[in-house]
$ cat upload_4.pdb   # PDB, C-alpha atoms
ATOM      1  CA  ALA A   1      59.470 -76.304  32.841
ATOM      2  CA  ASN A   2      56.668 -73.857  33.617
ATOM      3  CA  SER A   3      58.964 -71.481  35.474
ATOM      4  CA  LEU A   4      61.314 -68.635  34.693
ATOM      5  CA  GLN A   5      65.073 -68.989  35.116
ATOM      6  CA  SER A   6      66.671 -66.909  37.867
ATOM      7  CA  SER A   7      68.920 -63.962  36.949
ATOM      8  CA  THR A   8      67.502 -63.817  33.415
ATOM      9  CA  TYR A   9      66.156 -60.953  31.288
ATOM     10  CA  TYR A  10      62.846 -61.564  29.518
ATOM     11  CA  THR A  11      60.953 -59.378  27.054
ATOM     12  CA  LEU A  12      57.182 -59.658  27.207
ATOM     13  CA  ARG A  13      55.311 -58.437  24.137
ATOM     14  CA  LEU A  14      51.581 -57.923  23.807
ATOM     15  CA  SER A  15      50.249 -57.529  20.284
ATOM     16  CA  CYS A  16      46.751 -56.795  19.103
ATOM     17  CA  GLY A  17      45.237 -55.964  15.782
ATOM     18  CA  ARG A  18      42.068 -55.493  13.817
ATOM     19  CA  GLY A  19      41.981 -55.616  10.087
ATOM     20  CA  SER A  20      45.072 -53.928   8.682
ATOM     21  CA  THR A  21      45.790 -52.022  11.931
ATOM     22  CA  SER A  22      47.972 -53.528  14.652
ATOM     23  CA  SER A  23      49.872 -52.374  17.678
ATOM     24  CA  TYR A  24      52.133 -53.842  20.310
ATOM     25  CA  SER A  25      53.817 -52.991  23.574
ATOM     26  CA  SER A  26      56.890 -54.565  25.150
ATOM     27  CA  ILE A  27      58.388 -54.614  28.594
ATOM     28  CA  MET A  28      61.691 -56.086  29.738
ATOM     29  CA  ILE A  29      61.843 -57.800  33.131
ATOM     30  CA  VAL A  30      64.666 -59.460  35.037
ATOM     31  CA  THR A  31      64.021 -62.345  37.421
ATOM     32  CA  ASN A  32      65.324 -62.436  40.960
ATOM     33  CA  THR A  33      68.703 -63.913  41.800
ATOM     34  CA  PRO A  34      68.572 -66.098  44.906
ATOM     35  CA  PRO A  35      70.972 -65.258  47.758
ATOM     36  CA  GLN A  36      74.526 -65.793  46.582
ATOM     37  CA  PRO A  37      76.738 -68.423  48.161
ATOM     38  CA  GLY A  38      78.409 -67.760  51.422
ATOM     39  CA  GLU A  39      79.414 -70.274  54.053
ATOM     40  CA  PHE A  40      77.447 -72.637  56.275
ATOM     41  CA  ILE A  41      79.559 -73.612  59.267
ATOM     42  CA  VAL A  42      78.665 -76.056  62.044
ATOM     43  CA  SER A  43      80.825 -76.308  65.146
ATOM     44  CA  PRO A  44      81.767 -78.784  66.421
ATOM     45  CA  THR A  45      81.698 -81.040  63.342
ATOM     46  CA  GLU A  46      81.097 -84.157  65.410
ATOM     47  CA  GLY A  47      79.353 -84.962  68.667
ATOM     48  CA  VAL A  48      76.830 -87.087  70.533
ATOM     49  CA  SER A  49      73.075 -86.805  69.929
ATOM     50  CA  LEU A  50      71.066 -85.384  72.842
ATOM     51  CA  PHE A  51      74.303 -84.214  74.473
ATOM     52  CA  THR A  52      76.604 -82.043  72.326
ATOM     53  CA  LYS A  53      75.624 -78.415  71.782
ATOM     54  CA  PHE A  54      76.098 -77.527  68.097
ATOM     55  CA  HIS A  55      76.479 -73.973  66.776
ATOM     56  CA  PHE A  56      75.216 -73.254  63.243
ATOM     57  CA  TYR A  57      76.509 -70.128  61.444
ATOM     58  CA  ALA A  58      75.661 -68.524  58.078
ATOM     59  CA  LYS A  59      78.439 -66.216  56.849
ATOM     60  CA  TYR A  60      79.020 -64.009  53.803
ATOM     61  CA  TRP A  61      75.625 -64.548  52.089
ATOM     62  CA  SER A  62      74.514 -61.675  49.867
ATOM     63  CA  SER A  63      71.581 -60.502  47.781
ATOM     64  CA  SER A  64      70.377 -57.276  46.189
ATOM     65  CA  GLU A  65      67.020 -57.903  47.918
ATOM     66  CA  LEU A  66      67.733 -57.328  51.615
ATOM     67  CA  PRO A  67      67.200 -58.212  54.379
ATOM     68  CA  LEU A  68      68.174 -61.865  54.340
ATOM     69  CA  LEU A  69      66.381 -64.320  56.608
ATOM     70  CA  TYR A  70      67.899 -67.592  57.820
ATOM     71  CA  GLU A  71      66.416 -70.949  58.860
ATOM     72  CA  PHE A  72      68.449 -73.788  60.305
ATOM     73  CA  GLY A  73      67.461 -77.423  60.633
ATOM     74  CA  PHE A  74      68.248 -80.964  59.590
ATOM     75  CA  LEU A  75      67.009 -83.461  57.042
ATOM     76  CA  VAL A  76      64.409 -86.048  58.052
ATOM     77  CA  GLU A  77      62.581 -88.694  56.049
ATOM     78  CA  GLY A  78      60.380 -86.788  53.603
ATOM     79  CA  GLY A  79      61.720 -83.278  54.232
ATOM     80  CA  LYS A  80      63.341 -80.940  56.735
ATOM     81  CA  MET A  81      62.938 -80.354  60.476
ATOM     82  CA  ILE A  82      63.367 -76.601  61.033
ATOM     83  CA  LEU A  83      64.797 -75.346  64.329
ATOM     84  CA  GLY A  84      63.083 -72.092  65.237
ATOM     85  CA  THR A  85      61.667 -69.561  62.780
ATOM     86  CA  LYS A  86      63.084 -67.437  59.955
ATOM     87  CA  SER A  87      65.275 -64.741  61.427
ATOM     88  CA  GLU A  88      67.795 -62.088  60.442
ATOM     89  CA  LEU A  89      70.133 -63.645  63.004
ATOM     90  CA  ALA A  90      72.678 -65.743  61.145
ATOM     91  CA  PHE A  91      73.360 -68.249  63.918
ATOM     92  CA  ILE A  92      71.654 -70.748  66.181
ATOM     93  CA  SER A  93      72.783 -73.184  68.877
ATOM     94  CA  THR A  94      71.052 -76.471  69.563
ATOM     95  CA  ILE A  95      71.302 -80.002  70.865
ATOM     96  CA  LEU A  96      70.451 -82.440  68.074
ATOM     97  CA  PRO A  97      68.113 -85.439  68.393
ATOM     98  CA  SER A  98      68.972 -89.015  67.560
ATOM     99  CA  GLY A  99      66.573 -88.991  64.566
ATOM    100  CA  GLY A 100      67.207 -87.507  61.153
ATOM    101  CA  ILE A 101      68.791 -88.879  58.026
ATOM    102  CA  PHE A 102      72.208 -90.487  58.358
ATOM    103  CA  THR A 103      74.422 -91.185  55.360
ATOM    104  CA  ASN A 104      77.620 -93.163  55.990
ATOM    105  CA  GLY A 105      77.511 -92.177  59.680
ATOM    106  CA  TYR A 106      76.875 -88.483  58.978
ATOM    107  CA  PHE A 107      73.838 -86.401  59.946
ATOM    108  CA  SER A 108      72.740 -83.732  57.426
ATOM    109  CA  SER A 109      72.132 -80.265  58.840
ATOM    110  CA  VAL A 110      70.540 -77.667  56.567
ATOM    111  CA  LEU A 111      70.599 -73.888  56.128
ATOM    112  CA  LEU A 112      67.898 -72.051  54.142
ATOM    113  CA  ILE A 113      68.522 -68.423  53.170
ATOM    114  CA  TYR A 114      65.688 -66.175  51.936
ATOM    115  CA  ASP A 115      65.804 -62.705  50.392
ATOM    116  CA  SER A 116      63.076 -60.100  50.903
ATOM    117  CA  ILE A 117      61.061 -61.138  47.818
ATOM    118  CA  GLY A 118      61.184 -64.896  48.349
ATOM    119  CA  GLY A 119      64.312 -65.955  46.484
ATOM    120  CA  ASN A 120      66.059 -68.700  48.403
ATOM    121  CA  SER A 121      69.139 -70.884  48.563
ATOM    122  CA  THR A 122      69.863 -74.064  50.520
ATOM    123  CA  GLU A 123      73.125 -75.460  51.895
ATOM    124  CA  ILE A 124      73.807 -78.826  53.553
ATOM    125  CA  PHE A 125      76.534 -79.491  56.133
ATOM    126  CA  ASP A 126      77.202 -83.055  57.278
ATOM    127  CA  ILE A 127      77.959 -83.681  60.952
ATOM    128  CA  LYS A 128      79.334 -86.887  62.444
ATOM    129  CA  LEU A 129      76.662 -87.571  65.076
ATOM    130  CA  LEU A 130      77.060 -90.520  67.440
ATOM    131  CA  PRO A 131      74.045 -91.980  69.266
ATOM    132  CA  SER A 132      73.575 -91.114  72.938
ATOM    133  CA  ASN A 133      73.739 -93.916  75.514
ATOM    134  CA  SER A 134      72.098 -91.770  78.225
ATOM    135  CA  THR A 135      69.105 -92.946  80.246
ATOM    136  CA  VAL A 136      65.868 -90.929  80.317
ATOM    137  CA  SER A 137      66.577 -89.681  83.880
ATOM    138  CA  GLU A 138      70.086 -88.553  82.855
ATOM    139  CA  LEU A 139      68.599 -86.707  79.880
ATOM    140  CA  GLN A 140      65.917 -85.065  82.034
ATOM    141  CA  ASN A 141      68.561 -83.950  84.534
ATOM    142  CA  MET A 142      70.775 -82.625  81.730
ATOM    143  CA  PHE A 143      67.796 -80.738  80.273
ATOM    144  CA  SER A 144      66.896 -79.102  83.599
ATOM    145  CA  LEU A 145      70.515 -77.941  83.958
ATOM    146  CA  SER A 146      70.713 -76.639  80.381
ATOM    147  CA  THR A 147      67.451 -74.638  80.541
ATOM    148  CA  ASN A 148      68.961 -72.504  83.287
ATOM    149  CA  SER A 149      71.796 -71.421  80.979
ATOM    150  CA  LEU A 150      70.002 -70.991  77.638
ATOM    151  CA  VAL A 151      71.161 -67.940  75.689
ATOM    152  CA  SER A 152      69.548 -66.010  72.862
ATOM    153  CA  ARG A 153      68.819 -68.143  69.759
ATOM    154  CA  THR A 154      69.513 -71.416  71.576
ATOM    155  CA  VAL A 155      66.950 -74.038  70.649
ATOM    156  CA  PRO A 156      66.357 -76.572  73.453
ATOM    157  CA  PHE A 157      65.604 -79.420  71.054
ATOM    158  CA  LEU A 158      66.250 -81.876  73.872
ATOM    159  CA  LEU A 159      62.787 -81.114  75.270
ATOM    160  CA  ILE A 160      61.161 -82.479  72.130
ATOM    161  CA  ALA A 161      63.353 -85.594  72.274
ATOM    162  CA  VAL A 162      62.674 -86.378  75.946
ATOM    163  CA  VAL A 163      58.901 -85.807  76.058
TER     164      VAL A 163
END

$ encode --input "upload_4.pdb" --output "structure tokens"
Amino acid sequence: ANSLQSSTYYTLRLSCGRGSTSSYSSIMIVTNTPPQPGEFIVSPTEGVSLFTKFHFYAKYWSSSELPLLYEFGFLVEGGKMILGTKSELAFISTILPSGGIFTNGYFSSVLLIYDSIGGNSTEIFDIKLLPSNSTVSELQNMFSLSTNSLVSRTVPFLLIAVV
């Protein structure tokens, strides 16, 4: 309710009149189609929180309103935790925290795809994420080693988890 359907043609008509004289004008519009389904791939599909490096990929998404922008994240109580910012790059690598929403032992990662005029689509990919048994000093050591080898579009989420 109170919104237009996507991928739909609408005719808007404005009429006015006075006495026996009237006139009208019409215009046909078509609403935006959100980015069309592609694939959301996470590799590996299972791992250990605060330890395993996960790679998120968006493949084969399309829209008539280019460029497409991508956001990756995971579901948390009350919303989404986004990793990084919207980008034309269709991949990201990250270490996942022990928080988030788990359903039957699975952690829900999320991909948001935006076209150039704001149309968007969302995909969910469930990962089997086991809790880490590492101590704080082990995590700090692991983080200091991993920051030396960070590559483009790698999100060091571990920093947020350790601090």

$ closest_residue --input "upload_4.pdb" --among "A:Gly17, A:Pro67, A:Gly47, A:Gly73" --to "A:Glu88" --atoms "only C-alpha atoms"
A:Pro67

$ atom_distance --input "upload_4.pdb" --atom1 "atom CA of A:Ile127" --atom2 "atom CA of A:Pro97"
12.5 Å

$ atom_distance --input "upload_4.pdb" --atom1 "atom CA of A:Leu96" --atom2 "atom CA of A:Leu129"
8.6 Å

$ closest_residue --input "upload_4.pdb" --among "A:Ser43, A:Ser3, A:Ser15, A:Ser109" --to "A:Leu75" --atoms "all atoms listed in the file"
A:Ser109

$ resolve_selection --input "upload_4.pdb" --expression "the PyMOL selection byres ((chain A and resi 66) around 6)" --output "VMD selection string"
chain A and resid 65 67 to 68 115 to 116

$ residues_around --input "upload_4.pdb" --residues "A:Val48" --least-positions-apart "5" --cutoff "8 Å" --atoms "only C-alpha atoms" --output "list in words"
Leu129, Leu130, Pro131 and Ser132 of chain A

$ closest_residue --input "upload_4.pdb" --among "A:Val30, A:Cys16, A:Leu111, A:Ile117" --to "A:Tyr70" --atoms "all atoms listed in the file"
A:Leu111

$ closest_residue --input "upload_4.pdb" --among "A:Val42, A:Pro35, A:Gly105, A:Phe91" --to "A:Gly119" --atoms "all atoms listed in the file"
A:Pro35

$ atom_distance --input "upload_4.pdb" --atom1 "atom CA of A:Thr85" --atom2 "atom CA of A:Val110"
13.5 Å

$ axis_aligned_box --input "upload_4.pdb" --around "stretch 51-69 of chain A" --padding-each-side "5 Å" --output "JSON"
{"center_x": 72.7, "center_y": -70.7, "center_z": 60.3, "size_x": 22.6, "size_y": 36.9, "size_z": 38.3}

$ resolve_selection --input "upload_4.pdb" --expression "the PyMOL selection byres ((chain A and resi 57) around 6)" --output "PyMOL selection string"
chain A and resi 40-41+56+58+90-91

$ resolve_selection --input "upload_4.pdb" --expression "the PyMOL selection byres ((chain A and resi 28) around 6)" --output "number ranges by chain"
A: 10-11, 27, 29

$ closest_residue --input "upload_4.pdb" --among "A:Asn133, A:Thr33, A:Ser108, A:Ser25" --to "A:Glu46" --atoms "only C-alpha atoms"
A:Ser108
